[in-house]
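To be precise, the following lines are coords_35.tsv, and they hold TSV, C-alpha atoms.
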```tsv
chain	number	residue	atom	x	y	z
A	1117	MET	CA	81.97	92.46	110.65
A	1118	GLU	CA	79.83	90.99	113.38
A	1119	PHE	CA	80.52	87.35	114.08
A	1120	ASP	CA	77.17	86.45	115.68
A	1121	SER	CA	76.15	84.05	112.92
A	1122	ILE	CA	79.57	82.55	112.39
A	1123	GLU	CA	81.15	79.72	114.28
A	1124	CYS	CA	84.85	79.22	113.78
A	1125	VAL	CA	86.32	76.01	115.06
A	1126	SER	CA	90.10	76.06	114.73
A	1127	SER	CA	92.76	73.53	115.31
A	1128	SER	CA	96.45	73.85	114.59
A	1129	ASP	CA	99.76	72.82	115.88
A	1130	GLY	CA	99.04	74.55	118.85
A	1131	ILE	CA	90.99	122.18	106.34
A	1132	GLU	CA	89.40	126.72	105.36
A	1133	GLU	CA	91.38	130.01	105.04
A	1134	ASP	CA	90.26	131.31	108.47
A	1135	GLU	CA	91.60	128.11	109.93
A	1136	ILE	CA	95.14	128.48	108.55
A	1137	PRO	CA	97.38	127.99	111.59
A	1138	GLN	CA	99.81	130.66	112.75
A	1139	LEU	CA	103.10	128.80	112.59
A	1140	HIS	CA	106.72	129.49	113.37
A	1141	PRO	CA	108.26	131.09	110.27
A	1142	HIS	CA	110.79	129.37	108.11
A	1143	ILE	CA	112.55	132.45	106.75
A	1144	ILE	CA	115.09	132.83	104.00
A	1145	ARG	CA	116.38	136.40	104.32
A	1146	SER	CA	115.41	138.32	101.21
A	1147	GLN	CA	113.78	141.50	99.94
A	1148	PHE	CA	111.51	141.94	96.96
A	1149	SER	CA	110.23	144.85	94.89
A	1150	SER	CA	107.79	144.98	92.00
A	1151	SER	CA	110.60	145.41	89.50
A	1152	LYS	CA	113.43	143.41	90.94
A	1153	THR	CA	113.87	139.97	92.33
A	1154	THR	CA	116.54	139.42	94.97
A	1155	THR	CA	119.44	137.20	94.09
A	1156	HIS	CA	120.30	134.67	96.78
A	1157	LYS	CA	123.61	132.92	97.22
A	1158	ASN	CA	124.30	130.02	99.49
A	1159	ASN	CA	127.27	128.02	100.58
A	1160	ILE	CA	127.95	125.22	102.99
A	1161	ASN	CA	131.08	125.97	105.00
A	1162	ASN	CA	133.60	123.42	106.17
A	1163	ASN	CA	132.09	122.93	109.64
A	1164	GLY	CA	128.70	121.90	108.31
A	1165	SER	CA	126.90	125.23	108.86
A	1166	SER	CA	124.79	126.80	106.17
A	1167	ILE	CA	125.35	130.36	104.96
A	1168	LEU	CA	122.43	132.20	103.33
A	1169	CYS	CA	123.28	135.53	101.71
A	1170	ASP	CA	120.91	138.37	100.79
A	1171	GLY	CA	122.04	139.77	97.46
A	1172	ASN	CA	120.58	143.27	98.13
A	1173	ASN	CA	121.70	144.22	101.62
A	1174	GLY	CA	124.53	141.80	102.25
A	1175	GLY	CA	122.85	140.31	105.30
A	1176	ILE	CA	124.14	136.88	106.19
A	1177	ALA	CA	122.40	134.29	108.31
A	1178	ILE	CA	124.47	131.34	109.49
A	1179	HIS	CA	122.61	128.32	110.80
A	1180	PRO	CA	123.91	125.01	112.11
A	1181	ALA	CA	123.25	122.05	109.86
A	1182	THR	CA	120.32	120.93	112.00
A	1183	SER	CA	118.65	124.30	111.39
A	1184	VAL	CA	118.95	123.73	107.65
A	1185	HIS	CA	116.98	120.53	108.06
A	1186	GLU	CA	114.34	122.48	109.97
A	1187	LEU	CA	114.21	125.10	107.21
A	1188	LEU	CA	113.46	122.33	104.74
A	1189	GLU	CA	110.42	121.24	106.76
A	1190	CYS	CA	107.09	122.54	105.50
A	1191	PRO	CA	105.35	124.52	108.30
A	1192	VAL	CA	101.95	123.08	107.36
A	1193	CYS	CA	102.40	119.36	106.73
A	1194	THR	CA	105.84	119.14	108.44
A	1195	ASN	CA	107.13	116.97	105.59
A	1196	SER	CA	110.43	117.69	103.86
A	1197	MET	CA	110.04	120.17	101.00
A	1198	TYR	CA	111.11	119.41	97.43
A	1199	PRO	CA	111.17	121.69	94.35
A	1200	PRO	CA	109.29	123.78	93.67
A	1201	ILE	CA	109.65	125.30	97.14
A	1202	HIS	CA	107.48	128.44	97.36
A	1203	GLN	CA	107.86	131.50	99.55
A	1204	CYS	CA	105.91	134.69	100.30
A	1205	HIS	CA	107.31	138.27	100.01
A	1206	ASN	CA	108.40	138.04	103.65
A	1207	GLY	CA	110.46	134.92	103.02
A	1208	HIS	CA	108.26	132.29	104.67
A	1209	THR	CA	108.45	129.00	102.81
A	1210	ILE	CA	105.88	126.30	102.05
A	1211	CYS	CA	105.78	123.15	99.94
A	1212	SER	CA	103.96	123.04	96.60
A	1213	THR	CA	101.28	120.66	97.88
A	1214	CYS	CA	100.34	122.83	100.85
A	1215	LYS	CA	100.39	126.04	98.77
A	1216	ALA	CA	97.10	124.94	97.21
A	1217	ARG	CA	95.68	123.80	100.56
A	1218	VAL	CA	96.14	127.25	102.15
A	1219	HIS	CA	94.46	129.01	99.20
A	1220	ASN	CA	97.70	130.73	98.10
A	1221	ARG	CA	98.10	132.57	101.41
A	1222	CYS	CA	101.13	132.31	103.65
A	1223	PRO	CA	100.22	130.36	106.79
A	1224	THR	CA	102.66	132.45	108.85
A	1225	CYS	CA	101.96	136.08	107.86
A	1226	ARG	CA	98.82	135.57	105.71
A	1227	GLN	CA	100.29	137.49	102.79
A	1228	GLU	CA	99.60	136.27	99.26
A	1229	LEU	CA	102.16	133.70	98.21
A	1230	GLY	CA	102.22	134.39	94.47
A	1231	ASP	CA	104.63	132.36	92.36
A	1232	ILE	CA	107.96	133.08	94.05
A	1233	ARG	CA	110.42	130.18	94.11
A	1234	CYS	CA	112.88	129.90	96.96
A	1235	LEU	CA	115.83	128.96	94.77
A	1236	ALA	CA	118.33	129.47	97.58
A	1237	LEU	CA	116.75	126.81	99.76
A	1238	GLU	CA	116.39	124.44	96.82
A	1239	LYS	CA	120.13	124.88	96.15
A	1240	VAL	CA	120.98	124.23	99.79
A	1241	ALA	CA	119.01	120.99	99.66
A	1242	GLU	CA	121.08	119.77	96.70
A	1243	SER	CA	124.22	119.84	98.86
A	1244	LEU	CA	122.82	117.80	101.73
A	1245	GLU	CA	123.21	114.13	102.45
A	1246	LEU	CA	120.79	112.78	105.01
A	1247	PRO	CA	120.21	109.43	106.69
A	1248	CYS	CA	117.07	107.48	105.91
A	1249	LYS	CA	114.24	108.43	108.27
A	1250	PHE	CA	113.90	104.77	109.17
A	1251	GLY	CA	117.39	104.71	110.69
A	1252	SER	CA	115.93	104.05	114.14
A	1253	LEU	CA	114.35	100.91	112.68
A	1254	GLY	CA	117.67	99.64	111.35
A	1255	CYS	CA	118.29	101.30	107.97
A	1256	PRO	CA	121.95	102.39	107.74
A	1257	GLU	CA	121.71	104.21	104.38
A	1258	ILE	CA	122.59	107.88	103.70
A	1259	PHE	CA	121.33	109.61	100.54
A	1260	PRO	CA	121.52	112.96	98.75
A	1261	TYR	CA	118.50	115.01	99.78
A	1262	TYR	CA	116.65	114.61	96.48
A	1263	SER	CA	117.21	110.82	96.39
A	1264	LYS	CA	116.15	110.21	99.97
A	1265	LEU	CA	112.41	110.35	99.34
A	1266	LYS	CA	112.52	107.70	96.61
A	1267	HIS	CA	114.49	105.35	98.82
A	1268	GLU	CA	112.18	105.80	101.80
A	1269	ALA	CA	109.13	104.88	99.74
A	1270	ALA	CA	110.60	101.41	99.22
A	1271	CYS	CA	112.92	101.06	102.21
A	1272	ASN	CA	112.89	97.53	103.60
A	1273	PHE	CA	112.96	98.98	107.12
A	1274	ARG	CA	109.84	101.14	106.68
A	1275	PRO	CA	107.03	100.20	109.08
A	1276	TYR	CA	104.21	97.91	108.04
A	1277	ASN	CA	100.51	98.70	108.02
A	1278	CYS	CA	98.22	96.66	110.21
A	1279	PRO	CA	97.10	93.61	108.19
A	1280	TYR	CA	93.69	93.38	109.88
A	1281	ALA	CA	91.04	93.64	107.19
A	1282	GLY	CA	87.88	93.91	109.27
A	1283	SER	CA	88.32	97.66	109.86
A	1284	GLU	CA	90.34	100.59	108.54
A	1285	CYS	CA	93.05	100.33	111.17
A	1286	ALA	CA	95.72	103.06	111.08
A	1287	ALA	CA	98.28	101.24	113.22
A	1288	VAL	CA	101.78	100.93	111.77
A	1289	GLY	CA	104.93	99.41	113.16
A	1290	ASP	CA	107.42	96.59	112.94
A	1291	ILE	CA	106.35	92.96	112.92
A	1292	PRO	CA	106.65	92.26	116.68
A	1293	TYR	CA	104.54	95.35	117.42
A	1294	LEU	CA	101.88	94.36	114.89
A	1295	VAL	CA	101.66	90.81	116.21
A	1296	THR	CA	101.02	92.17	119.71
A	1297	HIS	CA	98.57	94.73	118.29
A	1298	LEU	CA	96.60	92.05	116.45
A	1299	ARG	CA	96.42	89.88	119.54
A	1300	ASP	CA	95.55	92.58	122.10
A	1301	ASP	CA	93.54	95.13	120.08
A	1302	HIS	CA	91.87	92.99	117.40
A	1303	LYS	CA	91.64	89.82	119.50
A	1304	VAL	CA	93.02	87.73	116.63
A	1305	ASP	CA	93.61	84.05	117.30
A	1306	MET	CA	97.29	83.13	117.50
A	1307	HIS	CA	98.60	79.64	116.72
A	1308	SER	CA	101.98	77.96	116.52
A	1309	GLY	CA	102.70	75.43	113.81
A	1310	CYS	CA	102.70	75.11	110.07
A	1311	THR	CA	99.52	73.11	109.51
A	1312	PHE	CA	95.95	74.20	110.12
A	1313	ASN	CA	92.45	72.82	110.05
A	1314	HIS	CA	89.61	75.34	110.23
A	1315	ARG	CA	85.87	74.97	109.99
A	1316	TYR	CA	83.75	77.93	108.89
A	1317	VAL	CA	80.03	77.86	109.68
A	1318	LYS	CA	77.39	80.37	108.57
A	1319	SER	CA	73.69	79.86	109.02
A	1320	ASN	CA	72.58	81.96	106.02
A	1321	PRO	CA	75.17	81.72	103.23
A	1322	ARG	CA	72.97	83.81	100.89
A	1323	GLU	CA	73.82	86.91	102.94
A	1324	VAL	CA	77.26	87.89	101.68
A	1325	GLU	CA	78.96	91.07	102.86
A	1326	ASN	CA	82.19	92.64	101.63
A	1327	ALA	CA	83.91	92.02	104.92
A	1328	THR	CA	86.47	89.75	106.44
A	1329	TRP	CA	85.13	86.72	108.15
A	1330	MET	CA	88.25	85.63	109.89
A	1331	LEU	CA	91.93	86.36	110.40
A	1332	THR	CA	94.25	83.95	112.15
A	1333	VAL	CA	97.98	84.41	112.74
A	1334	PHE	CA	100.35	81.44	112.59
A	1335	ASN	CA	103.91	81.36	113.91
A	1336	CYS	CA	105.86	79.04	111.63
A	1337	PHE	CA	109.62	78.77	111.00
A	1338	GLY	CA	110.03	81.73	113.40
A	1339	LYS	CA	107.92	83.91	111.08
A	1340	CYS	CA	104.28	85.00	111.22
A	1341	PHE	CA	101.62	84.39	108.58
A	1342	CYS	CA	98.07	85.76	108.29
A	1343	LEU	CA	95.38	83.35	107.15
A	1344	HIS	CA	92.34	85.20	105.72
A	1345	PHE	CA	88.94	83.75	104.97
A	1346	GLU	CA	86.39	86.08	103.35
A	1347	ALA	CA	83.07	86.32	101.60
A	1348	PHE	CA	82.51	88.91	98.87
A	1349	GLN	CA	80.65	89.57	95.64
A	1350	LEU	CA	82.38	88.70	92.40
A	1351	GLY	CA	80.16	90.32	89.78
A	1352	MET	CA	76.67	89.10	90.68
A	1353	ALA	CA	77.81	85.95	92.41
A	1354	PRO	CA	78.97	85.60	96.02
A	1355	VAL	CA	82.22	83.75	96.52
A	1356	TYR	CA	84.36	82.64	99.41
A	1357	MET	CA	88.12	83.02	99.43
A	1358	ALA	CA	91.01	81.88	101.61
A	1359	PHE	CA	94.57	83.15	101.23
A	1360	LEU	CA	97.78	83.57	103.18
A	1361	ARG	CA	99.91	86.69	103.71
A	1362	PHE	CA	103.46	86.77	105.03
A	1363	MET	CA	104.31	89.24	107.80
A	1364	GLY	CA	107.50	90.54	106.21
A	1365	ASP	CA	108.88	91.79	102.91
A	1366	GLU	CA	108.22	90.41	99.42
A	1367	THR	CA	111.72	88.96	99.08
A	1368	ASP	CA	111.40	86.88	102.23
A	1369	ALA	CA	107.90	85.76	101.28
A	1370	GLN	CA	109.33	84.05	98.19
A	1371	ASN	CA	111.05	81.54	100.47
A	1372	TYR	CA	107.76	79.97	101.50
A	1373	THR	CA	104.97	78.00	99.86
A	1374	TYR	CA	101.55	77.12	101.18
A	1375	SER	CA	98.66	74.92	100.20
A	1376	LEU	CA	94.93	75.15	100.98
A	1377	GLU	CA	92.40	72.40	100.53
A	1378	VAL	CA	88.60	72.36	100.83
A	1379	GLY	CA	86.28	69.52	99.99
A	1380	GLY	CA	83.35	67.30	100.74
A	1381	ASN	CA	81.10	64.70	99.15
A	1382	GLY	CA	84.10	62.98	97.66
A	1383	ARG	CA	85.33	66.14	95.90
A	1384	LYS	CA	88.11	68.59	96.76
A	1385	LEU	CA	89.75	71.84	95.58
A	1386	ILE	CA	93.45	72.41	96.23
A	1387	TRP	CA	95.35	75.71	95.98
A	1388	GLU	CA	99.13	76.02	96.15
A	1389	GLY	CA	101.10	79.22	95.91
A	1390	THR	CA	103.53	81.69	97.48
A	1391	PRO	CA	102.16	83.87	100.27
A	1392	ARG	CA	101.88	87.57	99.49
A	1393	SER	CA	103.64	90.08	101.74
A	1394	ILE	CA	101.53	92.31	103.98
A	1395	ARG	CA	103.15	95.15	102.01
A	1396	ASP	CA	100.32	94.29	99.58
A	1397	SER	CA	97.01	95.30	101.11
A	1398	HIS	CA	94.46	92.64	101.89
A	1399	ARG	CA	92.12	94.17	99.27
A	1400	LYS	CA	94.82	94.05	96.59
A	1401	VAL	CA	95.40	90.37	97.22
A	1402	ARG	CA	91.69	89.61	97.34
A	1403	ASP	CA	90.87	91.53	94.15
A	1404	SER	CA	93.66	89.70	92.30
A	1405	HIS	CA	92.03	86.38	93.31
A	1406	ASP	CA	95.44	85.17	94.48
A	1407	GLY	CA	94.17	82.38	96.69
A	1408	LEU	CA	91.63	79.60	97.02
A	1409	VAL	CA	88.37	80.92	95.51
A	1410	ILE	CA	85.19	78.90	96.07
A	1411	GLN	CA	81.94	79.67	94.27
A	1412	ARG	CA	78.87	79.63	96.54
A	1413	ASN	CA	77.22	76.69	94.82
A	1414	MET	CA	80.40	74.68	95.16
A	1415	ALA	CA	80.77	75.76	98.79
A	1416	LEU	CA	77.23	74.57	99.53
A	1417	PHE	CA	77.94	71.30	97.75
A	1418	PHE	CA	80.95	70.79	99.93
A	1419	SER	CA	78.81	71.63	102.98
A	1420	GLY	CA	76.46	68.74	102.29
A	1421	GLY	CA	73.05	68.38	103.92
A	1422	ASP	CA	70.19	70.52	102.59
A	1423	ARG	CA	72.60	73.18	101.28
A	1424	LYS	CA	71.01	75.83	103.51
A	1425	GLU	CA	73.94	76.20	105.85
A	1426	LEU	CA	77.58	76.84	105.02
A	1427	LYS	CA	79.95	74.38	106.62
A	1428	LEU	CA	83.41	74.56	105.09
A	1429	ARG	CA	86.50	72.86	106.39
A	1430	VAL	CA	89.73	74.41	105.09
A	1431	THR	CA	92.98	72.63	105.77
A	1432	GLY	CA	96.48	73.64	104.76
A	1433	ARG	CA	100.14	73.74	105.49
A	1434	ILE	CA	103.16	76.02	105.05
A	1435	TRP	CA	106.60	74.89	104.06
A	1436	LYS	CA	109.94	76.48	103.29
A	1437	GLU	CA	112.00	75.76	100.20
A	1438	GLN	CA	115.62	75.08	101.11
A	1439	GLN	CA	118.60	74.79	98.80
A	1440	ASN	CA	120.26	71.39	98.75
A	1441	PRO	CA	123.99	72.21	99.14
A	1442	ASP	CA	125.07	69.00	97.36
A	1443	GLU	CA	122.79	69.02	94.33
A	1444	GLY	CA	121.83	72.69	94.06
A	1445	ALA	CA	118.17	71.71	94.06
A	1446	CYS	CA	115.36	73.10	96.19
A	1447	ILE	CA	113.91	70.62	98.64
A	1448	PRO	CA	110.87	71.26	100.85
A	1449	ASN	CA	111.42	71.76	104.55
A	1450	LEU	CA	108.23	70.70	106.27
A	1451	CYS	CA	107.53	72.05	109.71
A	1452	SER	CA	107.05	69.31	112.21
```
So, in terms of structure tokens, how does the structure I just supplied come out?
Amino acid sequence: MEFDSIECVSSSDGIEEDEIPQLHPHIIRSQFSSSKTTTHKNNINNNGSSILCDGNNGGIAIHPATSVHELLECPVCTNSMYPPIHQCHNGHTICSTCKARVHNRCPTCRQELGDIRCLALEKVAESLELPCKFGSLGCPEIFPYYSKLKHEAACNFRPYNCPYAGSECAAVGDIPYLVTHLRDDHKVDMHSGCTFNHRYVKSNPREVENATWMLTVFNCFGKCFCLHFEAFQLGMAPVYMAFLRFMGDETDAQNYTYSLEVGGNGRKLIWEGTPRSIRDSHRKVRDSHDGLVIQRNMALFFSGGDRKELKLRVTGRIWKEQQNPDEGACIPNLCS
């Protein structure tokens, strides 16, 4: 969103068929006839190589274990293939999702795919144990092939999506990378400290767009938090909303609490809650109303004056709940 009419004063503690690509074949040696389907046998030998046997002509192809992993990669989307794994009459394989995308034609030889299952390759996959694909990011886990995908969908080491809500940003990475990305590419304000005091000014508060007004990142307790302030339509009425997201996983987010306060003319609204993880999209948090929601009329009342200009001051703080070792009770740890 353009920021021309907004003043932010901040203070803190500091694809078609003809286009089907010609790809390198992933071949399971086999022969087919109209009346007979080839029987495939497979084994994994003691040195980790795979042995694929052709039941008709006795041909044997031995591949190192790494080649088996390559055979399990779909030649179209390059993702790992899971049952049903399809193949054409020439033995080229493809995943079930991409089979529909290529209009039932083999992307390697352009023959019709039909409904042939590559049972040999599916059986090979059952015998494999593979490391999580996020091993380079710190995950030490190893899983059976068919369990690996489920783990990776929820792996705590999987990269995070960019939390910036003003555009559909495709950047992903770990937290240090995203903090740098927000600062350098989105020009987000960075602050240190666990308290904040922001003033939001808009000359025409009757013009409400479904867009983010502001994102500020706070470094507090050695962690980073995203403070969002937005205007959007709730039914027929425009509202303003402020909320905090934690740059980390849901479990760690539960260790923190934050409060937001807005007021004026002797009145105030206070919100207190647990920050949501950036694993939850900004839109998911916003649509759940998990934050300080201010109706426009109330916002204008807080603004004072002739109620023709929005002037909101939002203050807040972040604290960490710590366990008292003597009493077993949680006591707040306030950031100085």
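Counting only C-alpha atoms and comparing A:Lys1400, A:Lys1303, A:Arg1361, A:His1219, the residue that lies closest to Ile1434 of chain A is A:Arg1361.
Atom pair atom CA of Ser1308 of chain A / atom CA of Met1357 of chain A: separated by 22.6 Å.
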Residues within 10 Å of segment 1241-1252 of chain A, all atoms listed in the file, excluding chain neighbours under 4 positions, as a ChimeraX atom specification: /A:1159-1160,1164,1181,1184-1185,1187-1188,1197-1199,1235-1237,1256-1265,1267-1268,1271-1275
Residues within 12 Å of Tyr1280 of chain A, all atoms listed in the file, excluding chain neighbours under 2 positions, as an MDAnalysis selection string: chainID A and resid 1117 1276:1278 1282:1288 1294:1295 1297:1299 1301:1305 1327:1333 1342:1345 1361 1363 1394 1397:1399
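Between Ala1415 of chain A and the residues A:Gly1309, A:Pro1391, A:Pro1279, A:Pro1354, the shortest atom-to-atom distance, using all atoms listed in the file, involves A:Pro1354.
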